[in-house]
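J.: Below is protein.csv; it holds CSV, C-alpha atoms.
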```csv
chain,number,residue,atom,x,y,z
A,359,PHE,CA,56.1,-64.4,34.8
A,360,PHE,CA,58.4,-67.2,33.8
A,361,PRO,CA,61.9,-66.9,32.3
A,362,SER,CA,62.5,-68.0,28.8
A,363,PHE,CA,65.0,-70.8,28.1
A,364,ASP,CA,66.1,-73.0,25.2
A,365,SER,CA,65.4,-76.6,25.5
A,366,SER,CA,66.3,-79.5,23.1
A,367,SER,CA,63.4,-80.6,21.0
A,368,SER,CA,62.4,-84.3,20.7
A,369,SER,CA,61.1,-83.6,17.2
A,370,SER,CA,62.9,-84.1,13.9
A,371,SER,CA,64.1,-80.5,13.9
A,372,SER,CA,67.5,-79.9,15.3
A,373,SER,CA,66.6,-76.4,16.4
A,374,PRO,CA,65.9,-75.9,20.1
A,375,ILE,CA,62.5,-74.9,21.3
A,376,LYS,CA,62.3,-71.6,23.2
A,377,PHE,CA,59.7,-71.5,26.0
A,378,ILE,CA,58.5,-68.3,27.6
A,379,GLU,CA,56.1,-69.7,30.2
A,380,ILE,CA,56.8,-72.9,32.0
A,381,PRO,CA,54.5,-73.7,34.9
A,382,LYS,CA,55.2,-76.9,36.8
A,383,ALA,CA,52.8,-78.8,39.0
A,384,GLN,CA,54.7,-79.1,42.3
A,385,GLU,CA,53.3,-82.5,43.3
A,386,ALA,CA,52.1,-84.0,40.1
A,387,GLY,CA,55.4,-83.0,38.5
A,388,HIS,CA,54.2,-82.3,34.9
A,389,ILE,CA,55.0,-79.2,32.9
A,390,ILE,CA,53.0,-77.3,30.2
A,391,ALA,CA,55.4,-74.9,28.3
A,392,ILE,CA,54.4,-72.2,25.9
A,393,THR,CA,56.5,-71.0,22.9
A,394,PRO,CA,56.6,-67.3,21.7
A,395,ASP,CA,54.2,-68.2,18.8
A,396,GLY,CA,51.6,-69.8,21.1
A,397,ALA,CA,52.3,-73.5,20.8
A,398,ALA,CA,51.9,-75.6,23.9
A,399,TYR,CA,54.2,-78.5,24.8
A,400,SER,CA,54.0,-80.9,27.7
A,401,PHE,CA,56.5,-83.2,29.5
A,402,CYS,CA,57.4,-84.6,32.9
A,403,SER,CA,60.0,-82.8,35.0
A,404,PRO,CA,63.2,-84.9,34.9
A,405,LYS,CA,63.4,-84.3,38.7
A,406,SER,CA,59.9,-85.6,39.5
A,407,LYS,CA,59.5,-89.1,40.8
A,408,SER,CA,55.8,-89.0,40.7
A,409,CYS,CA,55.1,-87.6,37.2
A,410,ASN,CA,53.1,-89.8,34.9
A,411,ASN,CA,50.4,-89.4,32.2
A,412,ASP,CA,48.0,-92.1,33.6
A,413,LEU,CA,45.2,-89.6,33.9
A,414,GLY,CA,45.9,-87.5,30.8
A,415,GLN,CA,47.5,-84.5,32.6
A,416,LEU,CA,50.0,-84.0,29.7
A,417,GLY,CA,47.1,-83.6,27.2
A,418,ARG,CA,48.6,-86.0,24.7
A,419,LYS,CA,50.0,-89.5,24.3
A,420,GLY,CA,53.6,-90.6,23.9
A,421,ASP,CA,56.9,-90.4,25.8
A,422,ILE,CA,56.2,-88.6,29.0
A,423,HIS,CA,59.8,-87.1,29.2
A,424,ALA,CA,59.8,-85.9,25.6
A,425,LYS,CA,58.7,-82.3,24.9
A,426,LEU,CA,55.8,-83.0,22.6
A,427,PRO,CA,52.9,-80.7,21.5
A,428,VAL,CA,49.6,-81.1,23.3
A,429,VAL,CA,46.5,-82.3,21.5
A,430,PHE,CA,43.2,-80.5,21.4
A,431,ASN,CA,40.0,-82.4,21.0
A,432,SER,CA,39.0,-82.0,17.3
A,433,TYR,CA,35.4,-81.2,18.2
A,434,ASP,CA,36.6,-78.1,20.0
A,435,HIS,CA,39.7,-77.2,17.8
A,436,ASN,CA,37.7,-76.9,14.6
A,437,ASP,CA,35.3,-74.5,16.1
A,438,ASN,CA,35.4,-71.2,14.3
A,439,ASN,CA,32.7,-69.6,16.4
A,440,ASP,CA,33.7,-67.1,19.0
A,441,ASP,CA,30.5,-67.5,21.1
A,442,GLY,CA,31.6,-70.3,23.3
A,443,LYS,CA,29.6,-72.8,21.3
A,444,THR,CA,31.0,-75.6,19.1
A,445,ASN,CA,30.0,-75.8,15.5
A,446,PRO,CA,28.7,-79.4,15.0
A,447,LYS,CA,29.5,-79.3,11.3
A,448,SER,CA,33.2,-79.3,12.1
A,449,LYS,CA,33.2,-82.5,14.1
A,450,ASN,CA,35.9,-84.9,12.6
A,451,ASP,CA,34.7,-84.3,9.1
A,452,PRO,CA,37.1,-86.3,6.8
A,453,ASN,CA,35.9,-84.5,3.8
A,454,ASP,CA,36.5,-81.0,5.2
A,455,ASN,CA,39.7,-79.8,3.5
A,456,THR,CA,39.4,-76.2,4.7
A,457,THR,CA,42.2,-74.7,6.7
A,458,LYS,CA,41.5,-75.3,10.4
A,459,PRO,CA,42.1,-72.4,12.8
A,460,LYS,CA,45.4,-72.5,14.6
A,461,LEU,CA,45.0,-72.1,18.3
A,462,ARG,CA,47.4,-69.6,19.9
A,463,ILE,CA,47.9,-70.4,23.5
A,464,ALA,CA,48.7,-67.5,25.8
A,465,HIS,CA,48.9,-69.0,29.3
A,466,ALA,CA,49.3,-72.4,30.9
A,467,TYR,CA,48.5,-73.7,34.4
A,468,THR,CA,49.3,-77.0,36.1
A,469,GLY,CA,48.2,-78.6,39.4
A,470,GLY,CA,47.1,-81.8,41.1
A,471,PHE,CA,48.3,-84.2,43.7
A,472,ALA,CA,51.0,-86.8,43.0
A,473,THR,CA,48.3,-89.4,42.4
A,474,SER,CA,46.2,-87.1,40.0
A,475,GLY,CA,47.1,-84.0,38.0
A,476,HIS,CA,45.3,-81.7,35.7
A,477,SER,CA,46.2,-78.8,33.3
A,478,ALA,CA,44.6,-75.7,31.9
A,479,LEU,CA,45.3,-73.4,29.0
A,480,LEU,CA,44.0,-70.0,27.9
A,481,ASP,CA,44.1,-69.2,24.2
A,482,ALA,CA,44.6,-65.7,22.7
A,483,ASN,CA,40.8,-65.3,22.3
A,484,GLY,CA,40.2,-65.9,26.0
A,485,HIS,CA,38.9,-69.5,25.8
A,486,LEU,CA,39.7,-72.0,28.5
A,487,TYR,CA,40.8,-75.6,27.8
A,488,LEU,CA,41.4,-78.4,30.4
A,489,SER,CA,42.8,-81.9,30.4
A,490,GLY,CA,43.7,-84.5,33.0
A,491,CYS,CA,42.1,-86.0,36.1
A,492,ASP,CA,38.4,-85.3,36.3
A,493,ARG,CA,37.4,-87.7,39.1
A,494,TRP,CA,36.3,-84.7,41.3
A,495,GLN,CA,34.9,-82.7,38.4
A,496,GLN,CA,38.0,-80.4,38.5
A,497,LEU,CA,37.8,-80.0,34.7
A,498,GLY,CA,34.2,-78.6,35.0
A,499,LEU,CA,33.3,-80.0,31.6
A,500,GLY,CA,30.1,-82.0,32.5
A,501,SER,CA,29.2,-85.6,31.6
A,502,SER,CA,26.1,-87.6,31.0
A,503,HIS,CA,26.9,-89.8,34.0
A,504,GLY,CA,28.0,-88.1,37.2
A,505,GLY,CA,27.8,-88.9,40.9
A,506,SER,CA,29.7,-88.3,44.1
A,507,SER,CA,32.6,-90.3,42.8
A,508,GLY,CA,33.2,-87.9,39.9
A,509,TYR,CA,32.4,-87.9,36.2
A,510,THR,CA,32.2,-91.1,34.2
A,511,TRP,CA,33.4,-90.6,30.6
A,512,GLU,CA,33.7,-93.0,27.8
A,513,ASN,CA,34.5,-96.6,28.9
A,514,GLY,CA,34.3,-95.5,32.6
A,515,ARG,CA,37.2,-93.1,32.4
A,516,LEU,CA,37.5,-90.4,35.0
A,517,TRP,CA,39.9,-88.3,33.0
A,518,GLN,CA,40.5,-86.5,29.7
A,519,GLU,CA,43.5,-87.3,27.5
A,520,GLU,CA,43.2,-84.3,25.3
A,521,PHE,CA,42.5,-80.6,26.0
A,522,ARG,CA,38.8,-79.8,25.8
A,523,ARG,CA,37.3,-76.4,25.7
A,524,ASN,CA,35.3,-75.4,28.7
A,525,GLY,CA,32.6,-73.0,27.6
A,526,PHE,CA,30.6,-73.3,30.8
A,527,VAL,CA,32.9,-71.2,32.9
A,528,VAL,CA,33.1,-68.4,30.4
A,529,ASP,CA,29.3,-68.4,30.0
A,530,LEU,CA,28.9,-68.3,33.8
A,531,LEU,CA,31.3,-65.3,34.0
A,532,LYS,CA,29.4,-63.4,31.3
A,533,ARG,CA,26.1,-64.1,33.1
A,534,LEU,CA,27.6,-62.7,36.3
A,535,ASP,CA,28.9,-59.6,34.5
A,536,GLY,CA,27.0,-58.5,31.4
A,537,GLY,CA,29.8,-56.1,30.5
A,538,LEU,CA,32.5,-58.8,30.3
A,539,GLY,CA,34.3,-59.2,27.0
A,540,ASP,CA,36.4,-56.8,25.0
A,541,GLY,CA,36.0,-54.1,27.6
A,542,PHE,CA,37.2,-56.5,30.3
A,543,GLY,CA,34.0,-56.1,32.3
A,544,ALA,CA,32.9,-53.6,35.0
A,545,GLY,CA,35.9,-52.2,36.8
A,546,GLY,CA,38.4,-54.3,34.8
A,547,SER,CA,39.8,-51.4,32.8
A,548,GLY,CA,41.7,-53.9,30.8
A,549,SER,CA,44.4,-54.2,33.5
A,550,GLY,CA,46.4,-57.4,33.2
A,551,GLY,CA,44.6,-58.2,29.9
A,552,ILE,CA,46.0,-57.7,26.5
A,553,GLY,CA,49.7,-58.7,26.5
A,554,HIS,CA,50.3,-57.5,23.0
A,555,SER,CA,48.5,-56.7,19.8
A,556,GLY,CA,45.9,-59.3,19.0
A,557,ASP,CA,46.1,-61.0,22.4
A,558,MET,CA,42.6,-61.0,24.0
A,559,SER,CA,43.4,-63.9,26.4
A,560,ARG,CA,42.4,-62.0,29.5
A,561,ARG,CA,39.0,-60.6,28.2
A,562,TYR,CA,37.0,-63.1,30.2
A,563,ILE,CA,39.4,-64.8,32.6
A,564,ARG,CA,42.2,-62.9,34.4
A,565,ASP,CA,43.8,-65.8,36.2
A,566,VAL,CA,43.5,-69.6,36.8
A,567,ALA,CA,44.8,-71.7,39.7
A,568,LEU,CA,44.8,-75.5,39.9
A,569,GLY,CA,44.7,-77.1,43.4
A,570,GLY,CA,45.1,-80.7,44.3
A,571,ASP,CA,41.6,-81.8,43.0
A,572,HIS,CA,39.9,-78.4,42.4
A,573,THR,CA,40.1,-75.4,40.0
A,574,VAL,CA,39.9,-71.7,40.7
A,575,VAL,CA,39.1,-69.1,38.0
A,576,LEU,CA,39.2,-65.3,38.4
A,577,SER,CA,37.1,-63.1,36.2
A,578,SER,CA,38.7,-60.3,34.3
A,579,ASN,CA,36.4,-58.0,36.3
A,580,ARG,CA,38.6,-58.8,39.3
A,581,LYS,CA,35.6,-59.5,41.5
A,582,ASP,CA,34.0,-62.8,40.6
A,583,VAL,CA,35.8,-66.1,41.4
A,584,ILE,CA,34.5,-69.4,40.1
A,585,THR,CA,35.5,-72.7,41.7
A,586,PHE,CA,34.8,-76.3,40.9
A,587,GLY,CA,36.0,-79.8,41.7
A,588,LYS,CA,36.4,-81.4,45.1
A,589,GLY,CA,35.1,-79.3,48.0
A,590,GLY,CA,34.9,-81.4,51.1
A,591,GLU,CA,37.6,-79.4,52.9
A,592,GLY,CA,36.1,-76.1,52.1
A,593,GLN,CA,38.6,-75.3,49.3
A,594,LEU,CA,35.8,-74.0,47.0
A,595,GLY,CA,34.8,-71.2,49.3
A,596,LEU,CA,31.1,-72.0,48.9
A,597,THR,CA,28.4,-71.6,51.6
A,598,SER,CA,28.6,-75.4,52.2
A,599,LYS,CA,31.3,-78.0,51.7
A,600,PRO,CA,30.1,-80.2,48.8
A,601,TRP,CA,31.9,-83.4,48.1
A,602,VAL,CA,32.2,-82.3,44.5
A,603,SER,CA,30.8,-79.2,42.7
A,604,ALA,CA,30.2,-78.0,39.2
A,605,PRO,CA,31.5,-74.4,38.4
A,606,MET,CA,29.9,-71.9,40.8
A,607,ARG,CA,30.6,-68.4,42.0
A,608,SER,CA,32.6,-68.7,45.3
A,609,LYS,CA,31.0,-66.4,47.9
A,610,VAL,CA,34.0,-66.6,50.2
A,611,LEU,CA,36.7,-65.8,47.5
A,612,SER,CA,34.7,-63.3,45.4
A,613,SER,CA,34.8,-59.6,46.2
A,614,LYS,CA,32.3,-56.7,45.8
A,615,SER,CA,35.0,-54.4,44.6
A,616,PRO,CA,37.5,-55.0,41.7
A,617,ASN,CA,40.5,-55.5,43.9
A,618,ILE,CA,41.5,-59.1,43.3
A,619,ALA,CA,44.8,-59.4,41.3
A,620,ALA,CA,45.3,-63.1,41.3
A,621,VAL,CA,44.1,-66.5,42.6
A,622,CYS,CA,46.2,-69.2,44.2
A,623,ALA,CA,45.5,-72.9,44.9
A,624,PHE,CA,47.6,-75.6,46.5
A,625,LYS,CA,46.5,-79.0,47.7
A,626,ASN,CA,43.2,-78.4,49.5
A,627,CYS,CA,43.6,-74.6,49.8
A,628,SER,CA,42.5,-71.6,47.8
A,629,MET,CA,43.2,-67.9,48.2
A,630,THR,CA,43.1,-64.5,46.5
A,631,LEU,CA,45.8,-61.9,46.3
A,632,ASP,CA,45.7,-58.1,45.9
A,633,GLU,CA,48.1,-56.0,43.7
A,634,ASN,CA,50.8,-56.1,46.4
A,635,GLY,CA,50.7,-59.8,46.7
A,636,ASN,CA,48.9,-59.8,50.0
A,637,VAL,CA,46.4,-62.5,50.8
A,638,LYS,CA,42.9,-61.1,50.9
```
Have the structure of the file written as C-alpha cells, please.
T.:
Amino acid sequence: FFPSFDSSSSSSSSSPIKFIEIPKAQEAGHIIAITPDGAAYSFCSPKSKSCNNDLGQLGRKGDIHAKLPVVFNSYDHNDNNDDGKTNPKSKNDPNDNTTKPKLRIAHAYTGGFATSGHSALLDANGHLYLSGCDRWQQLGLGSSHGGSSGYTWENGRLWQEEFRRNGFVVDLLKRLDGGLGDGFGAGGSGSGGIGHSGDMSRRYIRDVALGGDHTVVLSSNRKDVITFGKGGEGQLGLTSKPWVSAPMRSKVLSSKSPNIAAVCAFKNCSMTLDENGNVK
C-alpha cells in the first residue's frame, strides 16, 4: 500500500491533487499516481536523473515533470464491452456524441531500466492497460511485424505512447482457469480482490510486476503466473530462455496450490511471495 499525499497540480485548478497510490520505477524514474476517484496521472520523479518519456513510459505527451493525466488509446477507451474485445464501431468516430465510459483506475505499476521504462494499469473492471517501451515485447500487445529485436509498430516505433488495453493476458488467464471471473477463480475466495463496493479490479489479475524489460502477472486464482518480454536471462521462468516471448504461463513461477500472494520483478529477476512475504 502507498501513503496518500497532496501534491500541487499543474492544471488550471488551484486545488491540490490527492494521490493514494504512487508507484515509482526505481531505475527508469517515472511515477504513475492514482487519485481516490480512479484518475491516473504520470510524471518524472524530481530526484531522478534518468527519467524521460522518450519511449512513452508516461503514457501521455507534455512536460515530463508536470503531473498530467495519462491518455488511453481511443480504440480501447471507447469499448463498452466487458468481454475483453474491442467494439470496432467505437473507433475514433467523430459523429459519436454519446457519453464515453470513464475508466476508473484501481492500481498502477511501473518498471524498466534507466534506458527503457514501461507502465501498467488495472481498472476497476479488472482490465489491464500498458504503455512504454515494447522493444522486448514487454507490453504483450502483439504487432503485425515482430522479430527477435522486438515489435515494430507504426513508423518503426518500438514503444507505445498511450495506454493500450491488453486483452490477451486476461483471455489466457481465463483459458487456464475456467472459473476465473467474479468468483475470483478456483481457490481464490476473493482474497485481495474487491477493495470496496464496485471495485472488481482483482477478478482476473491479483498482482502485476514490471522488471527491467519483462512483465509478470499473477492470476486471481493465486496459482497461475504469466510472463512476457525479454527472457534471455531466465527471468520469465519458462522451460527455455527465449530472447523474447509473448505472454505464456511460467512453469517455474506458477504453483499447483493457491498459495502465491504477490509477484515481484526487478532488473532481470522475477519471484513470487507467500502471505508472509517469504520468497517461494
J.: Calculated over all atoms listed in the file, which of the candidates A:Ser408, A:Ser489, A:Gln384, A:Gln495 has the smallest distance to Thr473 (chain A)?
T.: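 Between A:Ser408, A:Ser489, A:Gln384, A:Gln495, the residue approaching Thr473 (chain A) most closely is A:Ser408.
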J.: Taking into account all atoms listed in the file, which residue in the set A:Arg607, A:Lys614, A:Lys425, A:Lys599 is nearest to Val574 (chain A)?
T.: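 Closest to Val574 (chain A), using all atoms listed in the file: A:Arg607.
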J.: Might you pull out every residue within 6 Å of Lys588 (chain A), with only C-alpha atoms counted and same-chain residues fewer than 6 positions away left off, and present them as a PyMOL selection string?
T.: chain A and resi 494+571-572+601-602
J.: List the spatial neighbours of region 474-481 of chain A as a VMD selection string - criterion: any atom at most 8 Å away, only C-alpha atoms, same-chain residues fewer than 5 positions off excluded.
T.: chain A and resid 383 386 388 390 413 to 417 461 to 469 486 to 492 496 to 497 521 559 566 568 570 to 571
J.: Excluding Leu576 (chain A) and residues on its chain fewer than 3 positions from it, collect all residues at most 7 Å away from it, counting all atoms listed in the file, and give them as an MDAnalysis selection string.
T.: chainID A and resid 563:566 580 582:584 621
J.: State, in Å with one decimal place, the distance from CA of Asn634 (chain A) to CA of Arg560 (chain A).
T.: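 Atom-to-atom, CA of Asn634 (chain A) and CA of Arg560 (chain A) are spaced 19.8 Å apart.
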J.: So what do you get for CA of Tyr562 (chain A) versus CA of Ser612 (chain A), distance-wise?
T.: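 We find that CA of Tyr562 (chain A) and CA of Ser612 (chain A) lie 15.4 Å from each other.
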J.: Would you please work out which residue, of A:Leu499, A:Leu538, A:Val528, A:Ala482, is nearest to Phe586 (chain A) when using all atoms listed in the file?
T.: A:Leu499
J.: Which one of A:Glu512, A:Asn411, A:Leu530, A:Asp557 sits closest to Gly396 (chain A) if you count only C-alpha atoms?
T.: A:Asp557
J.: What is the CA of Met558 (chain A) to CA of Gly536 (chain A) distance in Å?
T.: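 Atom-to-atom, CA of Met558 (chain A) to CA of Gly536 (chain A), that is 17.4 Å.
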J.: Could you check which of A:Asn483, A:Arg561, A:Asp395, A:Lys638 is closest to Ala620 (chain A), using all atoms listed in the file?
T.: A:Lys638
J.: Select, from A:Ser598, A:Asn513, A:Ser403, A:Asn579, the residue with the minimum atom-to-atom distance to Pro616 (chain A), counting all atoms listed in the file.
T.: A:Asn579
J.: Please return as a PyMOL selection string every residue within 8 Å of (57.0, -83.2, 26.4), taking into account all atoms listed in the file and the file's own coordinates.
T.: chain A and resi 368+389+399-402+416+421-427
